[in-house]
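Novice: Contents are mmCIF, C-alpha atoms, pLDDT in the B column; chains and numbers go by the auth columns; file name coords.cif:
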```
data_coords
loop_
_atom_site.group_PDB
_atom_site.id
_atom_site.type_symbol
_atom_site.label_atom_id
_atom_site.label_comp_id
_atom_site.label_asym_id
_atom_site.label_seq_id
_atom_site.Cartn_x
_atom_site.Cartn_y
_atom_site.Cartn_z
_atom_site.B_iso_or_equiv
_atom_site.auth_seq_id
_atom_site.auth_asym_id
ATOM 1 C CA MET A 1 -114.565 62.145 91.628 44.00 1004 R
ATOM 2 C CA THR A 2 -117.276 60.357 89.662 63.00 1005 R
ATOM 3 C CA GLU A 3 -117.846 56.641 89.851 72.00 1006 R
ATOM 4 C CA PRO A 4 -116.732 54.490 86.897 76.00 1007 R
ATOM 5 C CA GLN A 5 -119.254 54.180 84.096 78.00 1008 R
ATOM 6 C CA SER A 6 -121.309 50.982 84.043 77.00 1009 R
ATOM 7 C CA PHE A 7 -124.557 49.616 82.645 80.00 1010 R
ATOM 8 C CA ALA A 8 -126.397 51.062 85.642 74.00 1011 R
ATOM 9 C CA ASN A 9 -125.140 54.634 85.195 72.00 1012 R
ATOM 10 C CA HIS A 10 -124.108 55.032 81.540 79.00 1013 R
ATOM 11 C CA THR A 11 -127.045 57.134 80.343 78.00 1014 R
ATOM 12 C CA ARG A 12 -126.268 60.822 80.115 75.00 1015 R
ATOM 13 C CA ARG A 13 -128.331 63.946 80.440 81.00 1016 R
ATOM 14 C CA ASP A 14 -127.329 67.433 79.402 84.00 1017 R
ATOM 15 C CA PRO A 15 -128.773 69.607 82.182 90.00 1018 R
ATOM 16 C CA LEU A 16 -129.103 72.733 80.023 92.00 1019 R
ATOM 17 C CA TYR A 17 -131.015 70.811 77.353 91.00 1020 R
ATOM 18 C CA HIS A 18 -132.967 68.214 79.341 90.00 1021 R
ATOM 19 C CA PHE A 19 -133.828 70.236 82.456 94.00 1022 R
ATOM 20 C CA ILE A 20 -133.955 73.866 81.280 96.00 1023 R
ATOM 21 C CA ALA A 21 -134.350 74.448 77.529 95.00 1024 R
ATOM 22 C CA LEU A 22 -136.650 71.539 76.641 96.00 1025 R
ATOM 23 C CA PRO A 23 -139.041 71.994 79.611 97.00 1026 R
ATOM 24 C CA LEU A 24 -139.251 75.749 78.951 97.00 1027 R
ATOM 25 C CA ILE A 25 -139.982 75.236 75.253 97.00 1028 R
ATOM 26 C CA LEU A 26 -142.564 72.568 76.074 97.00 1029 R
ATOM 27 C CA ALA A 27 -144.188 74.830 78.692 98.00 1030 R
ATOM 28 C CA ASN A 28 -144.214 77.673 76.152 98.00 1031 R
ATOM 29 C CA PHE A 29 -146.014 75.430 73.665 98.00 1032 R
ATOM 30 C CA ILE A 30 -148.611 74.331 76.233 98.00 1033 R
ATOM 31 C CA ILE A 31 -149.233 77.913 77.363 98.00 1034 R
ATOM 32 C CA SER A 32 -149.610 79.036 73.761 98.00 1035 R
ATOM 33 C CA ILE A 33 -152.217 76.311 73.148 98.00 1036 R
ATOM 34 C CA VAL A 34 -154.130 77.378 76.274 98.00 1037 R
ATOM 35 C CA TRP A 35 -154.117 81.011 75.122 97.00 1038 R
ATOM 36 C CA ALA A 36 -155.226 80.067 71.611 97.00 1039 R
ATOM 37 C CA VAL A 37 -158.147 78.054 73.018 98.00 1040 R
ATOM 38 C CA GLN A 38 -159.165 80.593 75.678 98.00 1041 R
ATOM 39 C CA ARG A 39 -158.785 83.701 73.508 97.00 1042 R
ATOM 40 C CA PRO A 40 -158.819 82.610 69.871 96.00 1043 R
ATOM 41 C CA ASN A 41 -157.421 85.394 67.756 97.00 1044 R
ATOM 42 C CA PHE A 42 -154.783 85.567 65.058 97.00 1045 R
ATOM 43 C CA HIS A 43 -151.913 86.446 67.410 97.00 1046 R
ATOM 44 C CA HIS A 44 -152.586 83.648 69.911 97.00 1047 R
ATOM 45 C CA ILE A 45 -153.100 81.060 67.181 97.00 1048 R
ATOM 46 C CA TRP A 46 -149.956 82.226 65.383 98.00 1049 R
ATOM 47 C CA PHE A 47 -148.017 82.064 68.661 97.00 1050 R
ATOM 48 C CA ALA A 48 -149.213 78.454 69.140 98.00 1051 R
ATOM 49 C CA VAL A 49 -148.168 77.525 65.601 98.00 1052 R
ATOM 50 C CA PHE A 50 -144.788 79.205 66.036 98.00 1053 R
ATOM 51 C CA SER A 51 -144.267 77.563 69.457 98.00 1054 R
ATOM 52 C CA PHE A 52 -144.969 74.189 67.882 98.00 1055 R
ATOM 53 C CA ALA A 53 -142.415 74.918 65.134 98.00 1056 R
ATOM 54 C CA VAL A 54 -139.786 75.850 67.743 98.00 1057 R
ATOM 55 C CA LEU A 55 -140.486 72.634 69.693 97.00 1058 R
ATOM 56 C CA VAL A 56 -140.160 70.547 66.532 98.00 1059 R
ATOM 57 C CA LEU A 57 -136.939 72.350 65.609 97.00 1060 R
ATOM 58 C CA VAL A 58 -135.381 71.735 69.031 96.00 1061 R
ATOM 59 C CA LEU A 59 -136.301 68.034 68.928 96.00 1062 R
ATOM 60 C CA MET A 60 -134.995 67.655 65.362 96.00 1063 R
ATOM 61 C CA VAL A 61 -131.667 69.306 66.199 94.00 1064 R
ATOM 62 C CA ARG A 62 -131.261 66.858 69.096 92.00 1065 R
ATOM 63 C CA MET A 63 -132.180 63.873 66.915 94.00 1066 R
ATOM 64 C CA TYR A 64 -129.804 64.965 64.146 94.00 1067 R
ATOM 65 C CA SER A 65 -126.852 65.360 66.499 90.00 1068 R
ATOM 66 C CA ALA A 66 -127.560 61.973 68.112 90.00 1069 R
ATOM 67 C CA LYS A 67 -127.730 60.373 64.650 92.00 1070 R
ATOM 68 C CA VAL A 68 -124.380 61.889 63.676 93.00 1071 R
ATOM 69 C CA GLN A 69 -122.873 60.509 66.894 91.00 1072 R
ATOM 70 C CA ASP A 70 -124.358 57.097 66.110 92.00 1073 R
ATOM 71 C CA ARG A 71 -122.768 57.154 62.649 94.00 1074 R
ATOM 72 C CA VAL A 72 -119.376 58.035 64.111 94.00 1075 R
ATOM 73 C CA ILE A 73 -119.706 55.288 66.741 93.00 1076 R
ATOM 74 C CA ARG A 74 -120.631 52.803 64.000 94.00 1077 R
ATOM 75 C CA LEU A 75 -117.499 53.715 62.043 95.00 1078 R
ATOM 76 C CA GLU A 76 -115.259 53.652 65.128 95.00 1079 R
ATOM 77 C CA GLU A 77 -116.515 50.245 66.222 95.00 1080 R
ATOM 78 C CA ARG A 78 -116.139 48.723 62.763 96.00 1081 R
ATOM 79 C CA LEU A 79 -112.546 49.990 62.608 96.00 1082 R
ATOM 80 C CA ARG A 80 -111.850 48.715 66.124 96.00 1083 R
ATOM 81 C CA LEU A 81 -113.276 45.286 65.296 97.00 1084 R
ATOM 82 C CA GLN A 82 -111.305 45.165 62.031 96.00 1085 R
ATOM 83 C CA SER A 83 -108.095 45.638 64.008 96.00 1086 R
ATOM 84 C CA LEU A 84 -108.972 43.247 66.864 96.00 1087 R
ATOM 85 C CA ALA A 85 -110.969 40.445 65.237 95.00 1088 R
ATOM 86 C CA PRO A 86 -109.460 37.351 63.665 95.00 1089 R
ATOM 87 C CA GLN A 87 -109.517 37.168 59.883 93.00 1090 R
ATOM 88 C CA GLU A 88 -112.563 34.853 59.730 90.00 1091 R
ATOM 89 C CA LEU A 89 -114.717 37.357 61.649 91.00 1092 R
ATOM 90 C CA ARG A 90 -113.643 40.493 59.775 92.00 1093 R
ATOM 91 C CA ALA A 91 -115.810 39.717 56.766 90.00 1094 R
ATOM 92 C CA GLN A 92 -118.869 39.463 59.034 93.00 1095 R
ATOM 93 C CA ILE A 93 -118.408 42.765 60.871 93.00 1096 R
ATOM 94 C CA TYR A 94 -120.639 44.550 58.368 93.00 1097 R
ATOM 95 C CA ARG A 95 -123.521 42.235 59.367 95.00 1098 R
ATOM 96 C CA LEU A 96 -123.633 43.933 62.765 96.00 1099 R
ATOM 97 C CA ASN A 97 -126.395 46.502 62.759 96.00 1100 R
ATOM 98 C CA GLU A 98 -126.102 50.048 64.084 94.00 1101 R
ATOM 99 C CA ASP A 99 -127.824 49.163 67.354 94.00 1102 R
ATOM 100 C CA GLN A 100 -125.368 46.313 67.998 96.00 1103 R
ATOM 101 C CA LEU A 101 -122.332 48.431 67.169 96.00 1104 R
ATOM 102 C CA ILE A 102 -123.516 51.170 69.525 93.00 1105 R
ATOM 103 C CA GLY A 103 -123.879 48.578 72.293 94.00 1106 R
ATOM 104 C CA LEU A 104 -120.407 47.174 71.599 96.00 1107 R
ATOM 105 C CA ARG A 105 -118.729 50.551 72.071 94.00 1108 R
ATOM 106 C CA PHE A 106 -118.815 50.017 75.840 93.00 1109 R
ATOM 107 C CA ALA A 107 -116.975 46.668 75.727 95.00 1110 R
ATOM 108 C CA ALA A 108 -113.267 46.629 76.485 94.00 1111 R
ATOM 109 C CA ASP A 109 -110.907 45.452 73.734 95.00 1112 R
ATOM 110 C CA ASP A 110 -110.361 42.068 75.386 95.00 1113 R
ATOM 111 C CA GLU A 111 -114.057 41.132 75.191 96.00 1114 R
ATOM 112 C CA VAL A 112 -115.456 43.086 72.239 97.00 1115 R
ATOM 113 C CA VAL A 113 -114.670 40.382 69.649 97.00 1116 R
ATOM 114 C CA GLU A 114 -116.454 37.654 71.618 96.00 1117 R
ATOM 115 C CA LEU A 115 -119.434 39.926 72.196 97.00 1118 R
ATOM 116 C CA ALA A 116 -119.538 40.772 68.489 97.00 1119 R
ATOM 117 C CA LYS A 117 -119.642 37.041 67.693 97.00 1120 R
ATOM 118 C CA GLN A 118 -122.479 36.574 70.176 97.00 1121 R
ATOM 119 C CA ALA A 119 -124.327 39.559 68.739 97.00 1122 R
ATOM 120 C CA LEU A 120 -124.130 38.052 65.249 96.00 1123 R
ATOM 121 C CA GLU A 121 -125.010 34.495 66.283 96.00 1124 R
ATOM 122 C CA GLN A 122 -127.812 35.373 68.716 97.00 1125 R
ATOM 123 C CA ASN A 123 -129.012 38.634 67.148 96.00 1126 R
ATOM 124 C CA LEU A 124 -128.498 40.481 70.428 97.00 1127 R
ATOM 125 C CA THR A 125 -130.009 43.892 71.047 96.00 1128 R
ATOM 126 C CA ARG A 126 -128.064 46.923 72.255 94.00 1129 R
ATOM 127 C CA LYS A 127 -129.328 46.357 75.811 95.00 1130 R
ATOM 128 C CA GLN A 128 -128.476 42.639 75.774 97.00 1131 R
ATOM 129 C CA ILE A 129 -124.944 43.417 74.608 97.00 1132 R
ATOM 130 C CA LYS A 130 -124.444 46.041 77.307 94.00 1133 R
ATOM 131 C CA GLU A 131 -125.757 43.659 79.975 95.00 1134 R
ATOM 132 C CA ARG A 132 -123.117 41.067 79.007 96.00 1135 R
ATOM 133 C CA ILE A 133 -120.154 43.427 79.270 95.00 1136 R
ATOM 134 C CA LYS A 134 -117.813 42.483 82.097 93.00 1137 R
ATOM 135 C CA SER A 135 -115.125 45.127 81.626 89.00 1138 R
ATOM 136 C CA TRP A 136 -116.869 48.420 80.881 90.00 1139 R
ATOM 137 C CA ARG A 137 -115.172 50.910 78.545 88.00 1140 R
ATOM 138 C CA ALA A 138 -116.577 54.320 79.401 83.00 1141 R
ATOM 139 C CA ASP A 139 -117.916 56.634 76.709 78.00 1142 R
ATOM 140 C CA ASN A 140 -117.791 60.060 78.333 76.00 1143 R
ATOM 141 C CA TRP A 141 -118.104 61.975 75.078 74.00 1144 R
ATOM 142 C CA ARG A 142 -121.661 60.893 74.272 70.00 1145 R
ATOM 143 C CA ILE A 143 -124.324 63.558 74.763 67.00 1146 R
#
```
Will you turn the file into structure tokens for me?
Specialist:
Amino acid sequence: MTEPQSFANHTRRDPLYHFIALPLILANFIISIVWAVQRPNFHHIWFAVFSFAVLVLVLMVRMYSAKVQDRVIRLEERLRLQSLAPQELRAQIYRLNEDQLIGLRFAADDEVVELAKQALEQNLTRKQIKERIKSWRADNWRI
């Protein structure tokens, strides 16, 4: 059984991506650069260029999927705050930036409204919001 999610352990790594695919693609790129420098010919230079393109592609795919998740989190948290916040705060929910909304996703329903108020009043960062959470709401779907 895994321990409950908290500020200390909430970051996630995908072993296939972070520890196998990305290191192999990075190593491939480095090796291709070495070959192109040691034995400069069309094939080695082309291999280095192609290896760079593959590395960029892999990083972009990761960034795009993370951005889509961030957009979904932003929508989910705005809807959650709309249903939990008092009327006077609802009009201000759209002032919360993406970083703040992503930080608020870990706060339990009973404290998310107060943290949202603090985030607006004190311009809290994602990390500052997460550090203030007392009752952690795990997000096990994030990659």
Novice: Is there a way to get, as a PDB file with C-alpha atoms, in the coordinates of the input, all residues within 12 Å of the point (-119.4, 47.8, 64.6) in file coordinates, counting all atoms listed in the file?
Specialist:
```pdb
ATOM      1  CA  ASP R1073    -124.358  57.097  66.110  1.00 92.00           C
ATOM      2  CA  ARG R1074    -122.768  57.154  62.649  1.00 94.00           C
ATOM      3  CA  VAL R1075    -119.376  58.035  64.111  1.00 94.00           C
ATOM      4  CA  ILE R1076    -119.706  55.288  66.741  1.00 93.00           C
ATOM      5  CA  ARG R1077    -120.631  52.803  64.000  1.00 94.00           C
ATOM      6  CA  LEU R1078    -117.499  53.715  62.043  1.00 95.00           C
ATOM      7  CA  GLU R1079    -115.259  53.652  65.128  1.00 95.00           C
ATOM      8  CA  GLU R1080    -116.515  50.245  66.222  1.00 95.00           C
ATOM      9  CA  ARG R1081    -116.139  48.723  62.763  1.00 96.00           C
ATOM     10  CA  LEU R1082    -112.546  49.990  62.608  1.00 96.00           C
ATOM     11  CA  ARG R1083    -111.850  48.715  66.124  1.00 96.00           C
ATOM     12  CA  LEU R1084    -113.276  45.286  65.296  1.00 97.00           C
ATOM     13  CA  GLN R1085    -111.305  45.165  62.031  1.00 96.00           C
ATOM     14  CA  SER R1086    -108.095  45.638  64.008  1.00 96.00           C
ATOM     15  CA  LEU R1087    -108.972  43.247  66.864  1.00 96.00           C
ATOM     16  CA  ALA R1088    -110.969  40.445  65.237  1.00 95.00           C
ATOM     17  CA  LEU R1092    -114.717  37.357  61.649  1.00 91.00           C
ATOM     18  CA  ARG R1093    -113.643  40.493  59.775  1.00 92.00           C
ATOM     19  CA  ALA R1094    -115.810  39.717  56.766  1.00 90.00           C
ATOM     20  CA  GLN R1095    -118.869  39.463  59.034  1.00 93.00           C
ATOM     21  CA  ILE R1096    -118.408  42.765  60.871  1.00 93.00           C
ATOM     22  CA  TYR R1097    -120.639  44.550  58.368  1.00 93.00           C
ATOM     23  CA  ARG R1098    -123.521  42.235  59.367  1.00 95.00           C
ATOM     24  CA  LEU R1099    -123.633  43.933  62.765  1.00 96.00           C
ATOM     25  CA  ASN R1100    -126.395  46.502  62.759  1.00 96.00           C
ATOM     26  CA  GLU R1101    -126.102  50.048  64.084  1.00 94.00           C
ATOM     27  CA  ASP R1102    -127.824  49.163  67.354  1.00 94.00           C
ATOM     28  CA  GLN R1103    -125.368  46.313  67.998  1.00 96.00           C
ATOM     29  CA  LEU R1104    -122.332  48.431  67.169  1.00 96.00           C
ATOM     30  CA  ILE R1105    -123.516  51.170  69.525  1.00 93.00           C
ATOM     31  CA  GLY R1106    -123.879  48.578  72.293  1.00 94.00           C
ATOM     32  CA  LEU R1107    -120.407  47.174  71.599  1.00 96.00           C
ATOM     33  CA  ARG R1108    -118.729  50.551  72.071  1.00 94.00           C
ATOM     34  CA  PHE R1109    -118.815  50.017  75.840  1.00 93.00           C
ATOM     35  CA  ALA R1110    -116.975  46.668  75.727  1.00 95.00           C
ATOM     36  CA  VAL R1115    -115.456  43.086  72.239  1.00 97.00           C
ATOM     37  CA  VAL R1116    -114.670  40.382  69.649  1.00 97.00           C
ATOM     38  CA  LEU R1118    -119.434  39.926  72.196  1.00 97.00           C
ATOM     39  CA  ALA R1119    -119.538  40.772  68.489  1.00 97.00           C
ATOM     40  CA  LYS R1120    -119.642  37.041  67.693  1.00 97.00           C
ATOM     41  CA  ALA R1122    -124.327  39.559  68.739  1.00 97.00           C
ATOM     42  CA  LEU R1123    -124.130  38.052  65.249  1.00 96.00           C
ATOM     43  CA  ARG R1129    -128.064  46.923  72.255  1.00 94.00           C
TER      44      ARG R1129
END
```
Novice: Of the candidates R:Ala1069, R:Ile1023, R:Ile1132, R:Ala1111, which shows the shortest atom-to-atom distance to Trp1144 (chain R), using all atoms listed in the file?
Specialist: R:Ala1069
Novice: At what distance in Å, to one decimal, does CA of Lys1130 (chain R) lie from CA of Leu1058 (chain R)?
Specialist: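 So the two atoms, CA of Leu1058 (chain R) and CA of Lys1130 (chain R), lie 29.2 Å apart.
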Novice: Could you tell me how far CA of Asp1112 (chain R) sits from CA of Phe1010 (chain R), in Å to one decimal place?
Specialist: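 Interatomic distance here is 16.8 Å.
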Novice: To one decimal in Å, tell me the separation between CA of Asp1142 (chain R) and CA of Asp1113 (chain R).
Specialist: 16.5 Å
Novice: Residues within 12 Å of Phe1050 (chain R), please, as a ChimeraX atom specification. Count only C-alpha atoms; anything in the same chain fewer than 6 positions from it doesn't count.
Specialist: /R:1031-1040,1042-1044,1056-1057
Novice: Please evaluate the PyMOL selection byres ((chain R and resi 1061) around 12) against the structure above and give the resulting residues as a compact mmCIF listing (two decimals) with C-alpha atoms, in the coordinates of the input.
Specialist:
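What ended up in part_5.txt:
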```
# COMPACT_ATOMS: atom_id res chain seq x y z
CA TYR R 1020 -131.01 70.81 77.35
CA HIS R 1021 -132.97 68.21 79.34
CA ALA R 1024 -134.35 74.45 77.53
CA LEU R 1025 -136.65 71.54 76.64
CA PRO R 1026 -139.04 71.99 79.61
CA LEU R 1027 -139.25 75.75 78.95
CA ILE R 1028 -139.98 75.24 75.25
CA LEU R 1029 -142.56 72.57 76.07
CA SER R 1054 -144.27 77.56 69.46
CA PHE R 1055 -144.97 74.19 67.88
CA ALA R 1056 -142.42 74.92 65.13
CA VAL R 1057 -139.79 75.85 67.74
CA LEU R 1058 -140.49 72.63 69.69
CA VAL R 1059 -140.16 70.55 66.53
CA LEU R 1060 -136.94 72.35 65.61
CA LEU R 1062 -136.30 68.03 68.93
CA MET R 1063 -135.00 67.66 65.36
CA VAL R 1064 -131.67 69.31 66.20
CA ARG R 1065 -131.26 66.86 69.10
CA MET R 1066 -132.18 63.87 66.92
CA TYR R 1067 -129.80 64.96 64.15
CA SER R 1068 -126.85 65.36 66.50
```
Novice: Could you please give me, as a PyMOL selection string, the residues of protein, DNA or RNA lying at most 8 Å from (-116.8, 43.0, 80.3) in the coordinate frame of the file, considering all atoms listed in the file?
Specialist: chain R and resi 1110-1111+1114+1135-1139
Novice: Give the padded box for region 1090-1101 of chain R as JSON: axis-aligned, covering all atoms listed in the file, 4 Å on each side, centre and edge lengths in Å to one decimal.
Specialist:
```
{"center_x": -118.0, "center_y": 42.5, "center_z": 60.4, "size_x": 24.9, "size_y": 23.2, "size_z": 15.3}
```
Novice: Identify which of the residues R:Asn1126, R:Asn1143, R:Gln1131, R:Gln1072 lies closest to Pro1007 (chain R), counting all atoms listed in the file when measuring atom-to-atom distances.
Specialist: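 The shortest atom-to-atom distance to Pro1007 (chain R) comes from R:Asn1143.
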Novice: What would region 1126-1140 of chain R look like with N, CA and C atoms in place, written as a PDB file, in the coordinates of the input?
Specialist:
```pdb
ATOM      1  N   ASN R1126    -128.274  37.421  67.501  1.00 96.00           N
ATOM      2  CA  ASN R1126    -129.012  38.634  67.148  1.00 96.00           C
ATOM      3  C   ASN R1126    -129.349  39.457  68.394  1.00 96.00           C
ATOM      4  N   LEU R1127    -128.321  39.752  69.180  1.00 97.00           N
ATOM      5  CA  LEU R1127    -128.498  40.481  70.428  1.00 97.00           C
ATOM      6  C   LEU R1127    -128.888  41.936  70.180  1.00 97.00           C
ATOM      7  N   THR R1128    -129.655  42.478  71.098  1.00 96.00           N
ATOM      8  CA  THR R1128    -130.009  43.892  71.047  1.00 96.00           C
ATOM      9  C   THR R1128    -128.917  44.707  71.734  1.00 96.00           C
ATOM     10  N   ARG R1129    -129.011  46.008  71.597  1.00 94.00           N
ATOM     11  CA  ARG R1129    -128.064  46.923  72.255  1.00 94.00           C
ATOM     12  C   ARG R1129    -128.050  46.672  73.763  1.00 94.00           C
ATOM     13  N   LYS R1130    -129.228  46.565  74.362  1.00 95.00           N
ATOM     14  CA  LYS R1130    -129.328  46.357  75.811  1.00 95.00           C
ATOM     15  C   LYS R1130    -128.731  45.011  76.205  1.00 95.00           C
ATOM     16  N   GLN R1131    -129.019  43.965  75.458  1.00 97.00           N
ATOM     17  CA  GLN R1131    -128.476  42.639  75.774  1.00 97.00           C
ATOM     18  C   GLN R1131    -126.951  42.629  75.702  1.00 97.00           C
ATOM     19  N   ILE R1132    -126.403  43.327  74.727  1.00 97.00           N
ATOM     20  CA  ILE R1132    -124.944  43.417  74.608  1.00 97.00           C
ATOM     21  C   ILE R1132    -124.374  44.124  75.825  1.00 97.00           C
ATOM     22  N   LYS R1133    -124.954  45.267  76.167  1.00 94.00           N
ATOM     23  CA  LYS R1133    -124.444  46.041  77.307  1.00 94.00           C
ATOM     24  C   LYS R1133    -124.556  45.261  78.613  1.00 94.00           C
ATOM     25  N   GLU R1134    -125.596  44.461  78.753  1.00 95.00           N
ATOM     26  CA  GLU R1134    -125.757  43.659  79.975  1.00 95.00           C
ATOM     27  C   GLU R1134    -124.688  42.578  80.102  1.00 95.00           C
ATOM     28  N   ARG R1135    -124.129  42.129  78.987  1.00 96.00           N
ATOM     29  CA  ARG R1135    -123.117  41.067  79.007  1.00 96.00           C
ATOM     30  C   ARG R1135    -121.689  41.582  79.199  1.00 96.00           C
ATOM     31  N   ILE R1136    -121.499  42.862  79.152  1.00 95.00           N
ATOM     32  CA  ILE R1136    -120.154  43.427  79.270  1.00 95.00           C
ATOM     33  C   ILE R1136    -119.637  43.242  80.687  1.00 95.00           C
ATOM     34  N   LYS R1137    -118.446  42.698  80.788  1.00 93.00           N
ATOM     35  CA  LYS R1137    -117.813  42.483  82.097  1.00 93.00           C
ATOM     36  C   LYS R1137    -116.855  43.628  82.430  1.00 93.00           C
ATOM     37  N   SER R1138    -116.098  44.055  81.439  1.00 89.00           N
ATOM     38  CA  SER R1138    -115.125  45.127  81.626  1.00 89.00           C
ATOM     39  C   SER R1138    -115.604  46.340  80.830  1.00 89.00           C
ATOM     40  N   TRP R1139    -116.224  47.277  81.514  1.00 90.00           N
ATOM     41  CA  TRP R1139    -116.869  48.420  80.881  1.00 90.00           C
ATOM     42  C   TRP R1139    -115.854  49.439  80.390  1.00 90.00           C
ATOM     43  N   ARG R1140    -116.003  49.871  79.160  1.00 88.00           N
ATOM     44  CA  ARG R1140    -115.172  50.910  78.545  1.00 88.00           C
ATOM     45  C   ARG R1140    -116.029  52.171  78.461  1.00 88.00           C
TER      46      ARG R1140
END
```
